[in-house]
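Enquirer: One structure is given below, represented as structure tokens, and several questions about it will come after.
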Amino acid sequence: MTRPRPLLLDCTLRDGGYQTDWRFSDGFVADWLTVCAALGVDRVELGYLRVAAPTPAAPSGDYADLPRSLTLAQRALLAEAPRVSAAVMVDAADAARVAPEEAADRVAERLSEAPVTIETVRVATRMDGLAGAAAVATALAARGITPIVNLMQAADLPPEQLAAELPGRLGEAPIQALYFADSFGRMRPADVTRLFETVGAALATPLGFHAHDNIGLAVANTQAAIEAGARMVDATMGGLGRGAGNAATETVRLLLDSAPTPEALAACDRFLARHVEPLRAESRWGATPLYRWQARVGLHPTYAQKLAEDAAMTDLDRFAVLDRLVASSPKGRYDAGLLESARRAS
């Protein structure tokens, strides 16, 4: 039986914001939306929506607190852009600061203020917050909003444990998909296949996949997810994203049904040359030795990204700091204080 083509979600503004502090020029956004429409991208994720009041340390870029963080010019740009199904992401830890019903009310209120129709809200959580994320998703669905749950750091738990625990934690939450995020970018295609086949046999919910490219396997892992039955997959233009970045939209799109037109591919290449490659020269995402080592030792990718941004350090200096962090950093968490202490010890 032929499987249905998975939906392709481009999250360049949301995940790419980790490299730009969620600030993108109007030219970047306008060209990005045009290219996504031409390539046949099914959905675009515009950034983050904050449920509670931002903390002083919260990102302040234009696409970090939608829609209130948008300028009037950005609102006009989005309102006039080609129609592509739109989504935003909500952090479950942020939503958990209030009751699920109130969180859903706040999300609905913010969506009503948006200059475009945002149909989908993706709730991002770790395993320990999954039940709360499912409760928020259920409340969102009751308000006519399509919810997705995004399980971060999915590679940290054995597939058999996920298959045993996910049905109980998700309950009857009416979500469009449960995404698995390879947050540290250390999975291999065989790991992805095993994850999807094991969980897919125990859970009727459609599954999605979000890859990171720390060891250079983001596209290969995305293809493995597709072949194992993923119904949704993520990508970003040029792989622009947090830490080592993601699977590249322009490549993943070629894995799906018929290829885009030559004109669409040419427009995409011009977009990449104009907007993305200059950012790559500054931020240096991708499967560098630094990111490969960070993935292998299981440190949060923000450590490697912050070190990569320090132009005064050599890669050997950065490796030394990561080695000091291995024993002290909490598993799966980023701690700016610990990073500073490890730097001072060098």
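Ordered as shown in the structure tokens, chains take letters A, B, and onward, while each chain numbers its residues from 1 and ligands are numbered from 1 in the order shown.
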Would you kindly return, as a PDB file with N, CA, C and O atoms, in the first residue's frame, each protein, DNA or RNA residue with an atom no farther than 9 Å from any atom of region 285-302 of chain A, considering only C-alpha atoms and excluding same-chain residues fewer than 4 positions away?
Expert:
```
ATOM      1  N   GLN A  19      19.655  31.544  15.499  1.00  0.00           N
ATOM      2  CA  GLN A  19      20.887  32.107  14.949  1.00  0.00           C
ATOM      3  C   GLN A  19      20.793  33.616  14.743  1.00  0.00           C
ATOM      4  O   GLN A  19      21.825  34.278  14.591  1.00  0.00           O
ATOM      5  N   SER A 183      16.873  16.487  19.179  1.00  0.00           N
ATOM      6  CA  SER A 183      17.328  17.807  19.615  1.00  0.00           C
ATOM      7  C   SER A 183      18.840  17.958  19.607  1.00  0.00           C
ATOM      8  O   SER A 183      19.356  19.048  19.355  1.00  0.00           O
ATOM      9  N   PHE A 184      19.563  16.881  19.885  1.00  0.00           N
ATOM     10  CA  PHE A 184      21.016  16.972  19.929  1.00  0.00           C
ATOM     11  C   PHE A 184      21.665  16.496  18.630  1.00  0.00           C
ATOM     12  O   PHE A 184      22.885  16.501  18.505  1.00  0.00           O
ATOM     13  N   GLY A 185      20.842  16.068  17.672  1.00  0.00           N
ATOM     14  CA  GLY A 185      21.355  15.713  16.360  1.00  0.00           C
ATOM     15  C   GLY A 185      22.290  14.521  16.358  1.00  0.00           C
ATOM     16  O   GLY A 185      23.237  14.465  15.567  1.00  0.00           O
ATOM     17  N   ARG A 186      22.033  13.522  17.196  1.00  0.00           N
ATOM     18  CA  ARG A 186      22.951  12.384  17.268  1.00  0.00           C
ATOM     19  C   ARG A 186      22.331  11.073  16.792  1.00  0.00           C
ATOM     20  O   ARG A 186      22.967  10.019  16.884  1.00  0.00           O
ATOM     21  N   HIS A 212      18.125  17.485  13.510  1.00  0.00           N
ATOM     22  CA  HIS A 212      19.246  18.415  13.620  1.00  0.00           C
ATOM     23  C   HIS A 212      20.470  17.761  12.997  1.00  0.00           C
ATOM     24  O   HIS A 212      20.574  16.535  12.923  1.00  0.00           O
ATOM     25  N   ASP A 213      21.417  18.606  12.562  1.00  0.00           N
ATOM     26  CA  ASP A 213      22.461  18.126  11.656  1.00  0.00           C
ATOM     27  C   ASP A 213      23.838  18.014  12.306  1.00  0.00           C
ATOM     28  O   ASP A 213      24.852  18.123  11.620  1.00  0.00           O
ATOM     29  N   ASN A 214      23.900  17.762  13.596  1.00  0.00           N
ATOM     30  CA  ASN A 214      25.184  17.781  14.295  1.00  0.00           C
ATOM     31  C   ASN A 214      26.194  16.793  13.740  1.00  0.00           C
ATOM     32  O   ASN A 214      27.395  17.078  13.715  1.00  0.00           O
ATOM     33  N   ILE A 215      25.751  15.620  13.313  1.00  0.00           N
ATOM     34  CA  ILE A 215      26.692  14.653  12.748  1.00  0.00           C
ATOM     35  C   ILE A 215      26.474  14.474  11.243  1.00  0.00           C
ATOM     36  O   ILE A 215      26.951  13.510  10.649  1.00  0.00           O
ATOM     37  N   GLY A 216      25.764  15.424  10.632  1.00  0.00           N
ATOM     38  CA  GLY A 216      25.623  15.433   9.182  1.00  0.00           C
ATOM     39  C   GLY A 216      24.570  14.503   8.619  1.00  0.00           C
ATOM     40  O   GLY A 216      24.572  14.225   7.420  1.00  0.00           O
ATOM     41  N   LEU A 217      23.651  14.050   9.466  1.00  0.00           N
ATOM     42  CA  LEU A 217      22.668  13.054   9.025  1.00  0.00           C
ATOM     43  C   LEU A 217      21.235  13.568   9.057  1.00  0.00           C
ATOM     44  O   LEU A 217      20.300  12.770   9.004  1.00  0.00           O
ATOM     45  N   GLY A 239      19.163  24.704   5.936  1.00  0.00           N
ATOM     46  CA  GLY A 239      19.433  24.086   7.219  1.00  0.00           C
ATOM     47  C   GLY A 239      19.576  25.075   8.358  1.00  0.00           C
ATOM     48  O   GLY A 239      19.941  24.689   9.469  1.00  0.00           O
ATOM     49  N   LEU A 240      19.263  26.350   8.116  1.00  0.00           N
ATOM     50  CA  LEU A 240      19.397  27.395   9.137  1.00  0.00           C
ATOM     51  C   LEU A 240      18.619  27.018  10.389  1.00  0.00           C
ATOM     52  O   LEU A 240      17.416  26.760  10.334  1.00  0.00           O
ATOM     53  N   GLY A 241      19.306  26.964  11.549  1.00  0.00           N
ATOM     54  CA  GLY A 241      18.603  26.590  12.758  1.00  0.00           C
ATOM     55  C   GLY A 241      19.501  26.570  13.974  1.00  0.00           C
ATOM     56  O   GLY A 241      20.686  26.898  13.905  1.00  0.00           O
ATOM     57  N   ARG A 242      18.928  26.169  15.054  1.00  0.00           N
ATOM     58  CA  ARG A 242      19.622  26.161  16.336  1.00  0.00           C
ATOM     59  C   ARG A 242      20.868  25.282  16.281  1.00  0.00           C
ATOM     60  O   ARG A 242      20.842  24.171  15.745  1.00  0.00           O
ATOM     61  N   GLY A 243      21.956  25.768  16.849  1.00  0.00           N
ATOM     62  CA  GLY A 243      23.169  24.982  16.909  1.00  0.00           C
ATOM     63  C   GLY A 243      23.665  24.583  15.539  1.00  0.00           C
ATOM     64  O   GLY A 243      23.977  25.433  14.700  1.00  0.00           O
ATOM     65  N   ALA A 244      23.735  23.285  15.275  1.00  0.00           N
ATOM     66  CA  ALA A 244      24.235  22.791  13.995  1.00  0.00           C
ATOM     67  C   ALA A 244      23.237  22.945  12.861  1.00  0.00           C
ATOM     68  O   ALA A 244      23.564  22.705  11.701  1.00  0.00           O
ATOM     69  N   GLY A 245      22.014  23.350  13.161  1.00  0.00           N
ATOM     70  CA  GLY A 245      21.017  23.530  12.119  1.00  0.00           C
ATOM     71  C   GLY A 245      20.220  22.267  11.857  1.00  0.00           C
ATOM     72  O   GLY A 245      20.310  21.274  12.594  1.00  0.00           O
ATOM     73  N   ASN A 246      19.440  22.301  10.794  1.00  0.00           N
ATOM     74  CA  ASN A 246      18.413  21.297  10.521  1.00  0.00           C
ATOM     75  C   ASN A 246      18.592  20.652   9.156  1.00  0.00           C
ATOM     76  O   ASN A 246      19.532  20.965   8.429  1.00  0.00           O
ATOM     77  N   ARG A 280      25.173  32.029   6.994  1.00  0.00           N
ATOM     78  CA  ARG A 280      26.002  30.854   7.272  1.00  0.00           C
ATOM     79  C   ARG A 280      27.452  31.268   7.514  1.00  0.00           C
ATOM     80  O   ARG A 280      28.143  30.716   8.384  1.00  0.00           O
ATOM     81  N   ALA A 281      27.926  32.236   6.754  1.00  0.00           N
ATOM     82  CA  ALA A 281      29.299  32.691   6.932  1.00  0.00           C
ATOM     83  C   ALA A 281      29.515  33.281   8.318  1.00  0.00           C
ATOM     84  O   ALA A 281      30.605  33.173   8.894  1.00  0.00           O
ATOM     85  N   LYS A 306      27.033  28.880  21.576  1.00  0.00           N
ATOM     86  CA  LYS A 306      27.610  30.042  22.256  1.00  0.00           C
ATOM     87  C   LYS A 306      29.129  30.076  22.103  1.00  0.00           C
ATOM     88  O   LYS A 306      29.719  31.148  21.914  1.00  0.00           O
ATOM     89  N   LEU A 307      29.751  28.924  22.175  1.00  0.00           N
ATOM     90  CA  LEU A 307      31.200  28.871  21.987  1.00  0.00           C
ATOM     91  C   LEU A 307      31.584  29.205  20.549  1.00  0.00           C
ATOM     92  O   LEU A 307      32.582  29.888  20.301  1.00  0.00           O
ATOM     93  N   ALA A 308      30.786  28.737  19.588  1.00  0.00           N
ATOM     94  CA  ALA A 308      31.072  29.027  18.181  1.00  0.00           C
ATOM     95  C   ALA A 308      30.971  30.519  17.890  1.00  0.00           C
ATOM     96  O   ALA A 308      31.648  31.038  16.989  1.00  0.00           O
ATOM     97  N   ASP A 315      38.971  26.337  17.902  1.00  0.00           N
ATOM     98  CA  ASP A 315      38.146  25.153  18.115  1.00  0.00           C
ATOM     99  C   ASP A 315      38.711  24.278  19.229  1.00  0.00           C
ATOM    100  O   ASP A 315      37.962  23.651  19.986  1.00  0.00           O
ATOM    101  N   LEU A 316      40.046  24.239  19.362  1.00  0.00           N
ATOM    102  CA  LEU A 316      40.618  23.461  20.454  1.00  0.00           C
ATOM    103  C   LEU A 316      40.242  24.050  21.807  1.00  0.00           C
ATOM    104  O   LEU A 316      39.987  23.310  22.772  1.00  0.00           O
ATOM    105  N   ARG A 318      37.443  25.584  22.368  1.00  0.00           N
ATOM    106  CA  ARG A 318      36.033  25.245  22.535  1.00  0.00           C
ATOM    107  C   ARG A 318      35.870  23.789  22.976  1.00  0.00           C
ATOM    108  O   ARG A 318      35.033  23.470  23.827  1.00  0.00           O
ATOM    109  N   PHE A 319      36.676  22.898  22.393  1.00  0.00           N
ATOM    110  CA  PHE A 319      36.630  21.499  22.814  1.00  0.00           C
ATOM    111  C   PHE A 319      36.961  21.371  24.293  1.00  0.00           C
ATOM    112  O   PHE A 319      36.338  20.582  25.023  1.00  0.00           O
ATOM    113  N   LEU A 322      33.957  22.308  26.363  1.00  0.00           N
ATOM    114  CA  LEU A 322      32.938  21.251  26.323  1.00  0.00           C
ATOM    115  C   LEU A 322      33.330  20.073  27.206  1.00  0.00           C
ATOM    116  O   LEU A 322      32.486  19.504  27.913  1.00  0.00           O
ATOM    117  N   ASP A 323      34.608  19.705  27.171  1.00  0.00           N
ATOM    118  CA  ASP A 323      35.052  18.585  28.008  1.00  0.00           C
ATOM    119  C   ASP A 323      34.829  18.879  29.486  1.00  0.00           C
ATOM    120  O   ASP A 323      34.450  17.991  30.262  1.00  0.00           O
ATOM    121  N   LEU A 325      32.505  20.749  30.661  1.00  0.00           N
ATOM    122  CA  LEU A 325      31.069  20.795  30.916  1.00  0.00           C
ATOM    123  C   LEU A 325      30.436  19.406  31.023  1.00  0.00           C
ATOM    124  O   LEU A 325      29.369  19.255  31.615  1.00  0.00           O
ATOM    125  N   VAL A 326      31.076  18.402  30.449  1.00  0.00           N
ATOM    126  CA  VAL A 326      30.474  17.074  30.403  1.00  0.00           C
ATOM    127  C   VAL A 326      30.110  16.584  31.799  1.00  0.00           C
ATOM    128  O   VAL A 326      29.027  16.019  32.023  1.00  0.00           O
ATOM    129  N   SER A 329      27.350  19.702  33.635  1.00  0.00           N
ATOM    130  CA  SER A 329      26.100  20.232  33.093  1.00  0.00           C
ATOM    131  C   SER A 329      24.948  19.256  33.327  1.00  0.00           C
ATOM    132  O   SER A 329      25.110  18.046  33.119  1.00  0.00           O
ATOM    133  N   PRO A 330      23.773  19.755  33.745  1.00  0.00           N
ATOM    134  CA  PRO A 330      22.612  18.868  33.880  1.00  0.00           C
ATOM    135  C   PRO A 330      22.222  18.290  32.529  1.00  0.00           C
ATOM    136  O   PRO A 330      22.282  18.973  31.509  1.00  0.00           O
ATOM    137  N   LYS A 331      21.835  17.049  32.518  1.00  0.00           N
ATOM    138  CA  LYS A 331      21.525  16.360  31.266  1.00  0.00           C
ATOM    139  C   LYS A 331      20.376  17.045  30.537  1.00  0.00           C
ATOM    140  O   LYS A 331      19.317  17.276  31.111  1.00  0.00           O
ATOM    141  N   GLY A 332      20.620  17.370  29.274  1.00  0.00           N
ATOM    142  CA  GLY A 332      19.566  17.932  28.446  1.00  0.00           C
ATOM    143  C   GLY A 332      19.233  19.380  28.713  1.00  0.00           C
ATOM    144  O   GLY A 332      18.270  19.902  28.151  1.00  0.00           O
ATOM    145  N   ARG A 333      20.006  20.072  29.537  1.00  0.00           N
ATOM    146  CA  ARG A 333      19.695  21.456  29.892  1.00  0.00           C
ATOM    147  C   ARG A 333      20.887  22.351  29.606  1.00  0.00           C
ATOM    148  O   ARG A 333      22.041  21.931  29.713  1.00  0.00           O
ATOM    149  N   TYR A 334      20.584  23.608  29.314  1.00  0.00           N
ATOM    150  CA  TYR A 334      21.628  24.609  29.126  1.00  0.00           C
ATOM    151  C   TYR A 334      21.687  25.507  30.345  1.00  0.00           C
ATOM    152  O   TYR A 334      20.654  25.964  30.838  1.00  0.00           O
TER     153      TYR A 334
END
```
Enquirer: Might you pull out every residue within 10 Å of Met89 (chain A), with only C-alpha atoms counted and same-chain residues fewer than 3 positions away left off, and present them as a list in words?
Expert: Cys11, Arg14, Asp15, Glu45, Leu46, Gly47, Tyr48, Leu49, Arg50, Ala64, Asp65, Leu66, Ala92, Thr120, Val121, Arg122, Val123, Ala124, Pro147, Ile148, Val149 and Asn150 of chain A
Enquirer: Using only C-alpha atoms for the distances, tell me which of A:Val98, A:Ala87, A:Val136, A:Leu7 is nearest to Gly40 (chain A).
Expert: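 Residue with the minimum atom-to-atom distance to Gly40 (chain A): A:Leu7.
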Enquirer: Name the residues of region 100-157 of chain A that come out as alpha helix (DSSP H) in a backbone DSSP run; write them as a ChimeraX atom specification.
Expert: /A:100-112,130-142
Enquirer: Since we have the selection now, will you write its residues out, keeping C-alpha atoms, as a short mmCIF file (atom, residue, chain, number, x, y, z; two decimals), in the first residue's frame?
Expert:
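What ended up in part32.cif:
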```
data_model
loop_
_atom_site.label_atom_id
_atom_site.label_comp_id
_atom_site.auth_asym_id
_atom_site.auth_seq_id
_atom_site.Cartn_x
_atom_site.Cartn_y
_atom_site.Cartn_z
CA PRO A 100 -4.41 24.62 30.42
CA GLU A 101 -7.76 26.32 29.77
CA GLU A 102 -6.30 29.76 30.46
CA ALA A 103 -3.27 28.99 28.32
CA ALA A 104 -5.55 28.04 25.43
CA ASP A 105 -7.60 31.22 25.92
CA ARG A 106 -4.46 33.34 25.78
CA VAL A 107 -3.25 31.56 22.65
CA ALA A 108 -6.62 32.05 20.96
CA GLU A 109 -6.60 35.74 21.87
CA ARG A 110 -3.15 36.24 20.38
CA LEU A 111 -4.03 34.33 17.23
CA SER A 112 -7.05 36.60 16.76
CA LEU A 130 4.10 15.64 28.05
CA ALA A 131 0.88 15.18 30.03
CA GLY A 132 0.64 18.94 30.57
CA ALA A 133 1.33 19.61 26.90
CA ALA A 134 -1.44 17.15 25.97
CA ALA A 135 -3.85 19.01 28.26
CA VAL A 136 -3.00 22.32 26.56
CA ALA A 137 -3.40 20.67 23.15
CA THR A 138 -6.84 19.36 24.14
CA ALA A 139 -7.90 22.83 25.24
CA LEU A 140 -6.61 24.34 21.99
CA ALA A 141 -8.57 21.82 19.92
CA ALA A 142 -11.74 22.74 21.81
#
```
Enquirer: Considering only C-alpha atoms, return as a VMD selection string whatever protein or nucleic-acid residues lie within 8 Å of Pro159 (chain A), sequence-local ones (same chain, fewer than 3 positions apart) excluded.
Expert: chain A and resid 162 to 163 194 to 195 198 to 199
Enquirer: The selected residues should be written to file as a JSON list (two decimals), in the first residue's frame (atoms: C-alpha atoms).
Expert:
```
[["chain", "number", "residue", "atom", "x", "y", "z"],
["A", 162, "LEU", "CA", 8.31, 5.60, 24.59],
["A", 163, "ALA", "CA", 5.92, 3.03, 23.12],
["A", 194, "ARG", "CA", 13.44, 1.75, 14.97],
["A", 195, "LEU", "CA", 11.82, 4.68, 16.78],
["A", 198, "THR", "CA", 8.26, 0.74, 17.53],
["A", 199, "VAL", "CA", 6.13, 3.72, 18.52]]
```
Enquirer: Which residue out of A:Ala211, A:Gly168, A:Val116, A:Asp42 has the minimum interatomic distance to Met152 (chain A) when only C-alpha atoms are used?
Expert: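 Smallest separation from Met152 (chain A) among the options: A:Ala211.
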Enquirer: For Gly337 (chain A), which residue among A:Phe28, A:Tyr303, A:Tyr18, A:Phe209 is the nearest when counting only C-alpha atoms?
Expert: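 Of A:Phe28, A:Tyr303, A:Tyr18, A:Phe209, the one nearest Gly337 (chain A) is A:Tyr303, counting only C-alpha atoms.
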Enquirer: May I have the residues within 10 Å of Ala114 (chain A) as a list in words, using only C-alpha atoms and disregarding those fewer than 4 positions away in the same chain?
Expert: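 Counting only C-alpha atoms, the residues come to Leu66, Pro67, Arg68, Leu70, Arg75, Leu78, Ala79, Glu109, Arg110 and Ile118 of chain A.
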